[in-house]
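Dumped final29.txt below, it's compact mmCIF, C-alpha atoms:
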```txt
# COMPACT_ATOMS: atom_id res chain seq x y z
CA MET C 203 120.51 -117.45 -55.33
CA SER C 204 121.76 -119.17 -52.21
CA LYS C 205 120.64 -117.60 -48.94
CA ILE C 206 123.56 -116.34 -46.93
CA ILE C 207 123.12 -116.57 -43.17
CA VAL C 208 125.65 -115.03 -40.80
CA VAL C 209 125.79 -116.36 -37.26
CA THR C 210 127.15 -113.51 -35.19
CA SER C 211 127.16 -112.04 -31.68
CA GLY C 212 130.00 -109.66 -31.01
CA LYS C 213 130.86 -111.38 -27.74
CA GLY C 214 132.85 -114.60 -27.70
CA GLY C 215 131.82 -117.86 -26.11
CA VAL C 216 128.08 -117.41 -26.49
CA GLY C 217 127.57 -120.30 -28.91
CA LYS C 218 128.16 -119.01 -32.45
CA THR C 219 130.01 -122.09 -33.62
CA THR C 220 127.62 -124.46 -31.86
CA THR C 221 124.73 -122.61 -33.50
CA SER C 222 126.38 -122.52 -36.93
CA ALA C 223 127.03 -126.26 -36.81
CA ALA C 224 123.53 -127.02 -35.55
CA VAL C 225 121.70 -124.77 -38.01
CA ALA C 226 123.72 -125.92 -41.03
CA THR C 227 123.27 -129.56 -40.06
CA GLY C 228 119.56 -129.03 -39.44
CA LEU C 229 119.05 -127.37 -42.83
CA ALA C 230 120.95 -130.13 -44.63
CA HIS C 231 119.03 -132.77 -42.67
CA ARG C 232 115.86 -131.27 -44.13
CA GLY C 233 117.26 -131.84 -47.59
CA HIS C 234 118.67 -128.39 -48.35
CA LYS C 235 122.15 -128.31 -49.85
CA THR C 236 124.09 -126.33 -47.25
CA ALA C 237 127.66 -125.13 -46.75
CA VAL C 238 128.99 -123.85 -43.45
CA ILE C 239 132.06 -121.59 -43.55
CA ASP C 240 134.41 -120.86 -40.66
CA PHE C 241 135.43 -117.18 -40.83
CA ASP C 242 137.61 -117.34 -37.72
CA ILE C 243 140.95 -117.12 -39.52
CA GLY C 244 143.82 -118.24 -37.33
CA LEU C 245 141.54 -119.86 -34.74
CA ARG C 246 139.52 -122.43 -36.59
CA ASN C 247 137.20 -124.55 -34.48
CA LEU C 248 134.14 -125.31 -36.55
CA ASP C 249 136.00 -128.40 -37.83
CA LEU C 250 136.28 -129.73 -34.26
CA VAL C 251 132.63 -129.06 -33.47
CA MET C 252 131.62 -130.76 -36.73
CA GLY C 253 134.00 -133.65 -36.08
CA CYS C 254 135.96 -133.31 -39.34
CA GLU C 255 139.22 -131.86 -37.99
CA ARG C 256 141.30 -134.72 -39.35
CA ARG C 257 139.94 -134.34 -42.84
CA VAL C 258 141.09 -130.75 -43.38
CA VAL C 259 143.53 -130.51 -46.26
CA TYR C 260 142.87 -127.14 -47.82
CA ASP C 261 141.01 -124.21 -46.32
CA PHE C 262 139.08 -121.02 -47.06
CA VAL C 263 142.23 -118.91 -47.47
CA ASN C 264 143.84 -121.46 -49.82
CA VAL C 265 140.76 -121.15 -52.02
CA ILE C 266 140.79 -117.35 -51.93
CA ARG C 267 144.49 -117.27 -52.84
CA GLY C 268 143.95 -119.72 -55.67
CA GLU C 269 146.08 -122.40 -54.01
CA ALA C 270 143.25 -124.89 -54.09
CA ARG C 271 139.93 -125.25 -55.83
CA LEU C 272 136.77 -124.86 -53.77
CA ASN C 273 135.90 -128.51 -54.28
CA GLN C 274 139.24 -129.58 -52.86
CA ALA C 275 138.67 -127.54 -49.70
CA LEU C 276 135.01 -128.35 -49.08
CA ILE C 277 134.64 -131.26 -46.69
CA LYS C 278 131.56 -133.38 -47.29
CA ASP C 279 129.93 -134.43 -44.03
CA LYS C 280 129.98 -138.18 -43.51
CA ARG C 281 126.68 -138.32 -41.63
CA ILE C 282 124.38 -135.98 -43.50
CA ASP C 283 123.94 -135.66 -47.25
CA ASN C 284 123.91 -132.13 -48.64
CA LEU C 285 126.20 -130.82 -45.89
CA TYR C 286 129.65 -129.34 -46.60
CA ILE C 287 132.17 -127.62 -44.35
CA LEU C 288 134.71 -125.02 -45.45
CA PRO C 289 137.32 -124.75 -42.69
CA ALA C 290 139.18 -121.56 -41.75
CA SER C 291 142.93 -121.50 -42.16
CA GLN C 292 145.30 -121.45 -39.22
CA THR C 293 147.45 -118.73 -40.77
CA ARG C 294 147.83 -115.60 -38.72
CA ASP C 295 147.40 -113.32 -41.69
CA LYS C 296 143.83 -112.12 -41.17
CA ASP C 297 143.93 -109.87 -44.20
CA ALA C 298 144.04 -113.01 -46.30
CA LEU C 299 140.26 -112.72 -46.26
CA THR C 300 139.49 -110.21 -49.00
CA ARG C 301 136.02 -109.02 -49.88
CA GLU C 302 136.54 -110.05 -53.52
CA GLY C 303 137.82 -113.44 -52.44
CA VAL C 304 134.86 -114.08 -50.15
CA GLN C 305 132.49 -112.94 -52.88
CA ALA C 306 134.08 -115.29 -55.41
CA VAL C 307 133.68 -118.24 -53.03
CA LEU C 308 130.04 -117.36 -52.35
CA GLU C 309 129.33 -117.04 -56.08
CA GLU C 310 130.94 -120.40 -56.76
CA LEU C 311 128.82 -122.01 -54.02
CA ASP C 312 125.77 -120.47 -55.65
CA ARG C 313 126.76 -121.89 -59.04
CA GLN C 314 127.12 -125.30 -57.43
CA GLY C 315 123.51 -125.14 -56.29
CA PHE C 316 123.95 -124.50 -52.58
CA GLU C 317 120.66 -123.30 -51.12
CA PHE C 318 122.11 -122.06 -47.84
CA VAL C 319 125.52 -120.78 -46.85
CA VAL C 320 126.02 -120.41 -43.10
CA CYS C 321 128.85 -118.04 -42.16
CA ASP C 322 130.27 -118.70 -38.69
CA SER C 323 131.59 -115.31 -37.59
CA PRO C 324 134.53 -114.83 -35.24
CA ALA C 325 133.94 -112.84 -32.06
CA GLY C 326 134.65 -109.12 -32.07
CA ILE C 327 134.05 -106.49 -34.71
CA GLU C 328 137.33 -106.81 -36.55
CA HIS C 329 138.02 -107.74 -40.15
CA GLY C 330 136.93 -111.40 -39.94
CA ALA C 331 133.61 -110.54 -38.31
CA LEU C 332 132.97 -107.79 -40.87
CA MET C 333 133.74 -110.16 -43.74
CA ALA C 334 131.42 -112.81 -42.29
CA LEU C 335 128.46 -110.42 -42.17
CA TYR C 336 129.13 -108.33 -45.26
CA PHE C 337 127.28 -110.48 -47.80
CA ALA C 338 124.57 -111.74 -45.43
CA ASP C 339 120.89 -111.90 -46.32
CA GLU C 340 119.97 -113.09 -42.86
CA ALA C 341 121.64 -112.63 -39.49
CA PHE C 342 121.23 -115.04 -36.60
CA VAL C 343 122.29 -113.00 -33.58
CA VAL C 344 123.31 -115.31 -30.74
CA THR C 345 122.90 -113.81 -27.27
CA ASN C 346 123.32 -115.10 -23.72
CA PRO C 347 121.14 -113.65 -20.97
CA GLU C 348 124.08 -111.61 -19.70
CA VAL C 349 124.50 -107.85 -19.77
CA SER C 350 127.76 -107.99 -21.72
CA SER C 351 126.35 -110.29 -24.38
CA VAL C 352 123.18 -108.24 -24.88
CA ARG C 353 125.15 -105.04 -25.25
CA ASP C 354 127.55 -106.58 -27.74
CA SER C 355 124.64 -107.98 -29.75
CA ASP C 356 123.26 -104.48 -29.97
CA ARG C 357 126.60 -103.27 -31.32
CA ILE C 358 126.57 -106.01 -33.93
CA LEU C 359 123.02 -105.09 -34.96
CA GLY C 360 124.24 -101.55 -35.54
CA ILE C 361 127.08 -102.83 -37.72
CA LEU C 362 124.69 -105.05 -39.71
CA GLN C 363 122.57 -101.98 -40.37
CA SER C 364 125.46 -99.81 -41.49
CA ARG C 365 128.29 -101.93 -42.86
CA SER C 366 126.72 -104.90 -44.61
CA ARG C 367 126.51 -104.99 -48.39
CA ARG C 368 122.75 -104.57 -48.20
CA ALA C 369 123.20 -101.44 -46.08
CA GLU C 370 125.92 -99.99 -48.29
CA GLU C 371 123.98 -100.58 -51.49
CA GLY C 372 120.67 -99.45 -50.04
CA ASP C 373 119.01 -102.84 -50.62
CA GLU C 374 116.41 -104.35 -48.37
CA PRO C 375 118.13 -104.64 -44.96
CA VAL C 376 119.58 -107.85 -43.57
CA ARG C 377 116.81 -109.84 -41.85
CA GLU C 378 117.69 -110.16 -38.18
CA HIS C 379 116.77 -113.08 -35.92
CA LEU C 380 117.51 -113.50 -32.23
CA ILE C 381 118.68 -116.79 -30.74
CA VAL C 382 119.01 -116.79 -26.95
CA THR C 383 121.36 -119.52 -25.71
CA ARG C 384 122.27 -120.92 -22.28
CA TYR C 385 118.87 -119.95 -20.96
CA GLU C 386 117.90 -121.09 -17.46
CA PRO C 387 114.18 -120.54 -16.87
CA ALA C 388 114.46 -121.43 -13.18
CA ARG C 389 116.91 -118.63 -12.58
CA VAL C 390 114.80 -116.26 -14.65
CA HIS C 391 111.84 -117.25 -12.49
CA LYS C 392 113.81 -116.40 -9.35
CA GLY C 393 114.75 -113.07 -10.86
CA ASP C 394 118.44 -113.88 -11.15
CA MET C 395 118.65 -113.92 -14.92
CA LEU C 396 117.47 -111.64 -17.72
CA SER C 397 114.32 -113.04 -19.29
CA VAL C 398 113.77 -113.49 -23.02
CA ASP C 399 111.24 -110.65 -22.82
CA ASP C 400 113.84 -108.39 -21.21
CA ILE C 401 116.26 -109.17 -24.03
CA LEU C 402 113.58 -108.67 -26.68
CA ASP C 403 112.66 -105.32 -25.13
CA ILE C 404 116.22 -104.13 -25.47
CA LEU C 405 117.26 -105.59 -28.82
CA ALA C 406 113.85 -105.33 -30.51
CA ILE C 407 114.39 -108.01 -33.16
CA PRO C 408 112.23 -111.08 -33.76
CA LEU C 409 112.93 -114.16 -31.63
CA LEU C 410 113.89 -117.25 -33.59
CA GLY C 411 114.39 -119.51 -30.61
CA VAL C 412 115.58 -120.12 -27.08
CA VAL C 413 118.20 -122.78 -26.41
CA PRO C 414 118.17 -123.88 -22.78
CA GLU C 415 121.36 -124.53 -20.81
CA CYS C 416 121.88 -128.22 -21.45
CA LYS C 417 124.57 -130.79 -20.76
CA SER C 418 124.26 -132.21 -24.23
CA VAL C 419 125.93 -129.16 -25.82
CA LEU C 420 129.28 -129.97 -24.20
CA GLN C 421 128.87 -133.67 -24.85
CA ALA C 422 128.16 -132.98 -28.50
CA SER C 423 131.24 -130.81 -29.01
CA ASN C 424 133.34 -133.32 -27.08
CA ALA C 425 132.28 -135.92 -29.59
CA GLY C 426 132.32 -133.71 -32.69
CA VAL C 427 128.64 -134.28 -33.39
CA PRO C 428 126.42 -131.25 -34.08
CA VAL C 429 124.02 -131.02 -31.15
CA VAL C 430 120.97 -130.83 -33.41
CA LEU C 431 121.47 -134.54 -34.14
CA ASP C 432 120.72 -135.26 -30.48
CA GLU C 433 117.02 -135.95 -30.47
CA VAL C 434 116.77 -136.46 -26.73
CA GLY C 435 118.48 -133.43 -25.23
CA ARG C 436 116.62 -130.16 -24.99
CA ALA C 437 119.28 -128.12 -26.80
CA GLY C 438 119.07 -130.44 -29.79
CA GLN C 439 115.30 -130.10 -29.86
CA ALA C 440 115.56 -126.33 -29.52
CA TYR C 441 117.86 -126.14 -32.55
CA LYS C 442 115.55 -128.41 -34.51
CA ASP C 443 112.69 -126.01 -33.73
CA ILE C 444 114.87 -123.07 -34.76
CA VAL C 445 115.55 -124.60 -38.17
CA GLY C 446 111.86 -125.43 -38.64
CA ARG C 447 110.78 -121.94 -37.66
CA TYR C 448 113.36 -120.39 -39.96
CA LEU C 449 111.97 -122.48 -42.81
CA GLY C 450 108.56 -120.98 -42.12
CA GLU C 451 106.91 -123.61 -39.95
CA ASN C 452 104.68 -122.49 -37.14
CA ILE C 453 106.40 -124.04 -34.10
CA PRO C 454 105.54 -122.62 -30.68
CA HIS C 455 108.46 -121.50 -28.51
CA ARG C 456 109.59 -123.94 -25.82
CA PHE C 457 112.06 -124.12 -22.96
CA MET C 458 111.05 -120.75 -21.55
CA GLN C 459 109.33 -122.01 -18.39
CA PRO C 460 111.01 -123.76 -15.43
CA GLU C 461 110.76 -127.52 -15.67
CA LYS C 462 108.31 -129.03 -13.23
CA LYS C 463 110.39 -131.07 -10.82
CA PRO C 464 108.96 -134.32 -9.55
CA LEU C 465 107.44 -134.02 -6.05
CA LEU C 466 110.22 -135.95 -4.30
CA LYS C 467 112.89 -133.81 -5.88
CA ARG C 468 110.98 -130.71 -4.90
CA LEU C 469 110.82 -131.86 -1.29
CA PHE C 470 114.36 -133.12 -0.92
CA GLY C 471 116.26 -131.69 -3.88
CA MET W 203 124.48 -145.58 -37.51
CA ARG W 204 126.82 -145.09 -34.64
CA TRP W 205 126.51 -141.34 -34.26
CA LEU W 206 122.75 -141.64 -33.81
CA ASN W 207 123.29 -143.72 -30.72
CA TYR W 208 125.91 -141.43 -29.39
CA PHE W 209 123.72 -139.47 -27.06
CA ARG W 210 121.61 -142.39 -25.89
CA SER W 211 123.99 -145.09 -24.92
CA SER W 212 126.29 -145.26 -21.96
CA ASN W 213 129.17 -144.82 -24.37
CA LYS W 214 132.71 -144.02 -23.48
CA ARG W 215 132.40 -140.74 -21.59
CA SER W 216 132.46 -137.81 -23.96
CA ALA W 217 135.26 -136.03 -22.08
CA GLN W 218 137.56 -138.93 -22.89
CA THR W 219 136.64 -138.66 -26.56
CA ALA W 220 137.25 -134.92 -26.42
CA LYS W 221 140.69 -135.36 -24.90
CA GLU W 222 141.75 -137.92 -27.48
CA ARG W 223 140.52 -135.78 -30.36
CA LEU W 224 142.36 -132.76 -28.98
CA GLN W 225 145.59 -134.66 -28.48
CA VAL W 226 145.59 -135.84 -32.08
CA ILE W 227 144.77 -132.49 -33.65
CA ILE W 228 147.00 -130.38 -31.41
CA ALA W 229 149.99 -132.66 -31.87
CA HIS W 230 149.44 -132.36 -35.61
CA GLU W 231 149.12 -128.58 -35.51
CA ARG W 232 152.15 -128.06 -33.31
CA GLN W 233 154.18 -129.97 -35.85
CA GLY W 234 153.02 -127.63 -38.57
CA ALA W 235 153.23 -124.47 -36.47
CA GLY W 236 155.80 -122.07 -37.82
CA ALA W 237 155.86 -123.84 -41.16
CA PRO W 238 156.02 -121.20 -43.85
CA ASP W 239 152.72 -120.10 -45.36
CA TYR W 240 154.02 -120.52 -48.88
CA LEU W 241 154.00 -124.33 -48.73
CA PRO W 242 150.74 -124.83 -50.64
CA ARG W 243 151.93 -122.46 -53.40
CA LEU W 244 155.31 -124.16 -53.50
CA GLN W 245 153.53 -127.47 -53.84
CA ARG W 246 151.43 -126.17 -56.72
CA GLU W 247 154.38 -124.73 -58.59
CA ILE W 248 156.42 -127.90 -58.17
CA LEU W 249 153.46 -129.80 -59.51
CA GLU W 250 153.37 -127.55 -62.58
CA VAL W 251 157.04 -128.20 -63.29
CA VAL W 252 156.75 -131.95 -62.82
CA ARG W 253 153.72 -132.00 -65.07
CA ARG W 254 155.78 -130.76 -67.99
CA TYR W 255 157.54 -134.11 -67.90
CA ALA W 256 155.14 -136.63 -66.40
CA GLU W 257 151.46 -137.16 -65.70
CA VAL W 258 151.08 -136.67 -61.96
CA SER W 259 148.04 -135.67 -59.96
CA GLU W 260 147.78 -133.22 -57.13
CA ASN W 261 147.93 -135.97 -54.53
CA ASP W 262 151.20 -137.32 -55.89
CA VAL W 263 153.21 -134.37 -54.58
CA LYS W 264 153.82 -134.03 -50.86
CA VAL W 265 155.61 -131.11 -49.24
CA GLU W 266 156.53 -131.38 -45.58
CA VAL W 267 158.69 -129.51 -43.13
CA GLU W 268 160.40 -131.75 -40.62
CA ARG W 269 162.32 -130.58 -37.59
CA GLU W 270 165.38 -132.36 -36.36
CA ASP W 271 167.60 -131.14 -33.54
CA GLY W 272 167.28 -127.46 -34.19
CA TYR W 273 167.29 -127.45 -37.99
CA GLU W 274 164.47 -127.80 -40.45
CA VAL W 275 164.27 -130.07 -43.44
CA LEU W 276 161.99 -129.34 -46.34
CA ALA W 277 161.00 -132.73 -47.70
CA LEU W 278 159.49 -133.05 -51.16
CA SER W 279 158.20 -136.29 -52.46
CA VAL W 280 156.76 -136.82 -55.92
CA ALA W 281 155.25 -140.14 -56.87
CA LEU W 282 155.98 -140.61 -60.57
CA PRO W 283 153.69 -142.79 -62.64
CA GLU W 284 154.98 -146.17 -63.67
CA GLU W 285 156.81 -145.96 -66.95
CA ARG W 286 155.38 -148.18 -69.64
CA PRO W 287 158.06 -150.37 -71.22
CA HIS W 288 159.00 -149.04 -74.62
CA ALA W 289 157.76 -151.26 -77.39
CA VAL W 290 160.63 -150.57 -79.74
CA ARG W 291 164.13 -149.79 -78.66
```
What's the structure tokens form of this structure?
Amino acid sequence: MSKIIVVTSGKGGVGKTTTSAAVATGLAHRGHKTAVIDFDIGLRNLDLVMGCERRVVYDFVNVIRGEARLNQALIKDKRIDNLYILPASQTRDKDALTREGVQAVLEELDRQGFEFVVCDSPAGIEHGALMALYFADEAFVVTNPEVSSVRDSDRILGILQSRSRRAEEGDEPVREHLIVTRYEPARVHKGDMLSVDDILDILAIPLLGVVPECKSVLQASNAGVPVVLDEVGRAGQAYKDIVGRYLGENIPHRFMQPEKKPLLKRLFG
Amino acid sequence: MRWLNYFRSSNKRSAQTAKERLQVIIAHERQGAGAPDYLPRLQREILEVVRRYAEVSENDVKVEVEREDGYEVLALSVALPEERPHAVR
């Protein structure tokens, strides 16, 4: 069976789409056949972040309504083998996403031998977000070190534990993983930002990785290149670690301490 | 591979790339905004009808809504296959 990963957060703007694109690309880069699905019906953006916005012909809702076959809607990534994108539709009819329809698409992906399906959830706790998490085996909860984000993540964890398929059917619960994004160790050090430990204390789920605040995230989305393909920037490295750790490798956490500034910068900066 | 070098080189600034990408996609989407949702289904059903008479593939049927001075035109175009000349008349 393909593993279904939902990337979720409750709050908007914390990096769900960036994370979905990076994780899916990272998994495919490691040779795993991976699909990434945009569940943000009416406000699709995964296509822009993945750089395939001009190749969208059919979308998720077209497939669910039987207006197109899955293979017509799946966009094969031009850079990475094994990577496919299923864009959201721009229709305003959010109820177009039915549970049966989503299930049928996931089953078809499974039949086609996809090992991982990454579901990029919309913000909020409305229909689209519930559909994105319903079938999940794993949840990557994306959180910023901000009070509002941490609280919303806690809400989402509650929903995962009560309203996912696994919860409803009494199966083994969805496996939860925390990804902290936009982390600034220097500000944490000064006491101006929640630390990873603070967040872990509150949310009490295992840490998958910390993505530091990094210029390359904006540059990557500007260019439509998933940031994990950036081998120089720290965010790209952090996502690479996250994928490795998720696949079971023992990779120590990084980017949690302030960078040592060179002496001159420390004196004059 | 060009994308590999993207982050390293002193390429065109990424903001410029972002702006160009947005202009293209937003212009395209504004054109389609307000177009009825039934277009894909219409396209499929037209295809079914045409197929009763000729071999055409999905890509041979195009359905577009064009706007001109306050009224909308639904434009259908079907590319028919080339007819083979009949051997016997």
Quick one: which chain C residues come within 6 Å of chain W, and what is the nearest atom pair for each with the distance in Å to one decimal, counting all atoms listed in the file, rows ordered by chain and ascending number, as JSON lines?
```
{"residue": "C:Glu269", "atom": "CA", "partner": "W:Arg243", "partner_atom": "CA", "distance": 5.9}
{"residue": "C:Gln421", "atom": "CA", "partner": "W:Ser216", "partner_atom": "CA", "distance": 5.6}
{"residue": "C:Asn424", "atom": "CA", "partner": "W:Ala220", "partner_atom": "CA", "distance": 4.3}
{"residue": "C:Ala425", "atom": "CA", "partner": "W:Ser216", "partner_atom": "CA", "distance": 5.9}
```
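Residues in contact range of stretch 398-400 of chain C, defined as at most 10 Å between only C-alpha atoms, with sequence neighbours fewer than 3 positions away removed, read Asn346, Pro347, Leu380, Ile381, Val382, Tyr385, Pro387, Val390, Met395, Asp403, Ile404, Leu405, Ala406, Leu409, Gly411, Val412 and Met458 of chain C.
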Practice task
Quick one: everything within 7 Å of C:Asp339, counting only C-alpha atoms, minus sequence neighbours fewer than 3 positions away in the same chain. Send it as a PyMOL selection string.
Solution key: chain C and resi 205-207+376-377
Since we have the selection now, will you write its residues out, keeping C-alpha atoms, as a short mmCIF file (atom, residue, chain, number, x, y, z; two decimals), in the coordinates of the input?
```
data_model
loop_
_atom_site.label_atom_id
_atom_site.label_comp_id
_atom_site.auth_asym_id
_atom_site.auth_seq_id
_atom_site.Cartn_x
_atom_site.Cartn_y
_atom_site.Cartn_z
CA LYS C 205 120.64 -117.60 -48.94
CA ILE C 206 123.56 -116.34 -46.93
CA ILE C 207 123.12 -116.57 -43.17
CA VAL C 376 119.58 -107.85 -43.57
CA ARG C 377 116.81 -109.84 -41.85
#
```
Practice task
Work out how far atom CA of W:Ser279 is from atom CA of W:Glu266, in Å to one decimal.
Solution key: 8.6 Å
Practice task
Find the residues with any atom within 9 Å of (122.7, -113.6, -25.9); use only C-alpha atoms and the coordinates as given in the file, and write the answer as a list in words.
Solution key: Ser211, Lys213, Val216, Gly217, Val343, Val344, Thr345, Asn346, Pro347, Glu348, Val349, Ser350, Ser351, Val352, Arg353, Asp354, Ser355, Leu380, Ile381, Val382, Thr383, Arg384, Tyr385 and Ile401 of chain C
How about saving the chosen residues, C-alpha atoms kept, as a PDB file, in the coordinates of the input?
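Saved to selection27.pdb:
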```pdb
ATOM      1  CA  SER C 211     127.160-112.040 -31.680  1.00  0.00           C
ATOM      2  CA  LYS C 213     130.860-111.380 -27.740  1.00  0.00           C
ATOM      3  CA  VAL C 216     128.080-117.410 -26.490  1.00  0.00           C
ATOM      4  CA  GLY C 217     127.570-120.300 -28.910  1.00  0.00           C
ATOM      5  CA  VAL C 343     122.290-113.000 -33.580  1.00  0.00           C
ATOM      6  CA  VAL C 344     123.310-115.310 -30.740  1.00  0.00           C
ATOM      7  CA  THR C 345     122.900-113.810 -27.270  1.00  0.00           C
ATOM      8  CA  ASN C 346     123.320-115.100 -23.720  1.00  0.00           C
ATOM      9  CA  PRO C 347     121.140-113.650 -20.970  1.00  0.00           C
ATOM     10  CA  GLU C 348     124.080-111.610 -19.700  1.00  0.00           C
ATOM     11  CA  VAL C 349     124.500-107.850 -19.770  1.00  0.00           C
ATOM     12  CA  SER C 350     127.760-107.990 -21.720  1.00  0.00           C
ATOM     13  CA  SER C 351     126.350-110.290 -24.380  1.00  0.00           C
ATOM     14  CA  VAL C 352     123.180-108.240 -24.880  1.00  0.00           C
ATOM     15  CA  ARG C 353     125.150-105.040 -25.250  1.00  0.00           C
ATOM     16  CA  ASP C 354     127.550-106.580 -27.740  1.00  0.00           C
ATOM     17  CA  SER C 355     124.640-107.980 -29.750  1.00  0.00           C
ATOM     18  CA  LEU C 380     117.510-113.500 -32.230  1.00  0.00           C
ATOM     19  CA  ILE C 381     118.680-116.790 -30.740  1.00  0.00           C
ATOM     20  CA  VAL C 382     119.010-116.790 -26.950  1.00  0.00           C
ATOM     21  CA  THR C 383     121.360-119.520 -25.710  1.00  0.00           C
ATOM     22  CA  ARG C 384     122.270-120.920 -22.280  1.00  0.00           C
ATOM     23  CA  TYR C 385     118.870-119.950 -20.960  1.00  0.00           C
ATOM     24  CA  ILE C 401     116.260-109.170 -24.030  1.00  0.00           C
TER      25      ILE C 401
END
```
Handout entry: Test item: residues at most 10 Å from W:Leu249, only C-alpha atoms, excluding those fewer than 3 positions along its chain, as number ranges by chain
Key = W: 243-246, 252-254, 256-264, 280
Handout entry: Atom-to-atom span, atom CA of C:Arg281 and atom CA of C:Val209, Å
Key = 22.4 Å
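Minimum atom-to-atom distance to W:Val265, evaluated using only C-alpha atoms, belongs to W:Ala277 out of W:Val251, W:Ala277, W:Leu282, W:Ile228.
In this model, the gap between atom CA of C:Thr300 and atom CA of C:Glu378 comes to 24.3 Å.
Nearest to C:Ala437 of all the residues C:Ser204, C:Ala306, C:Ala224, C:Gly393 is C:Ala224, counting all atoms listed in the file.
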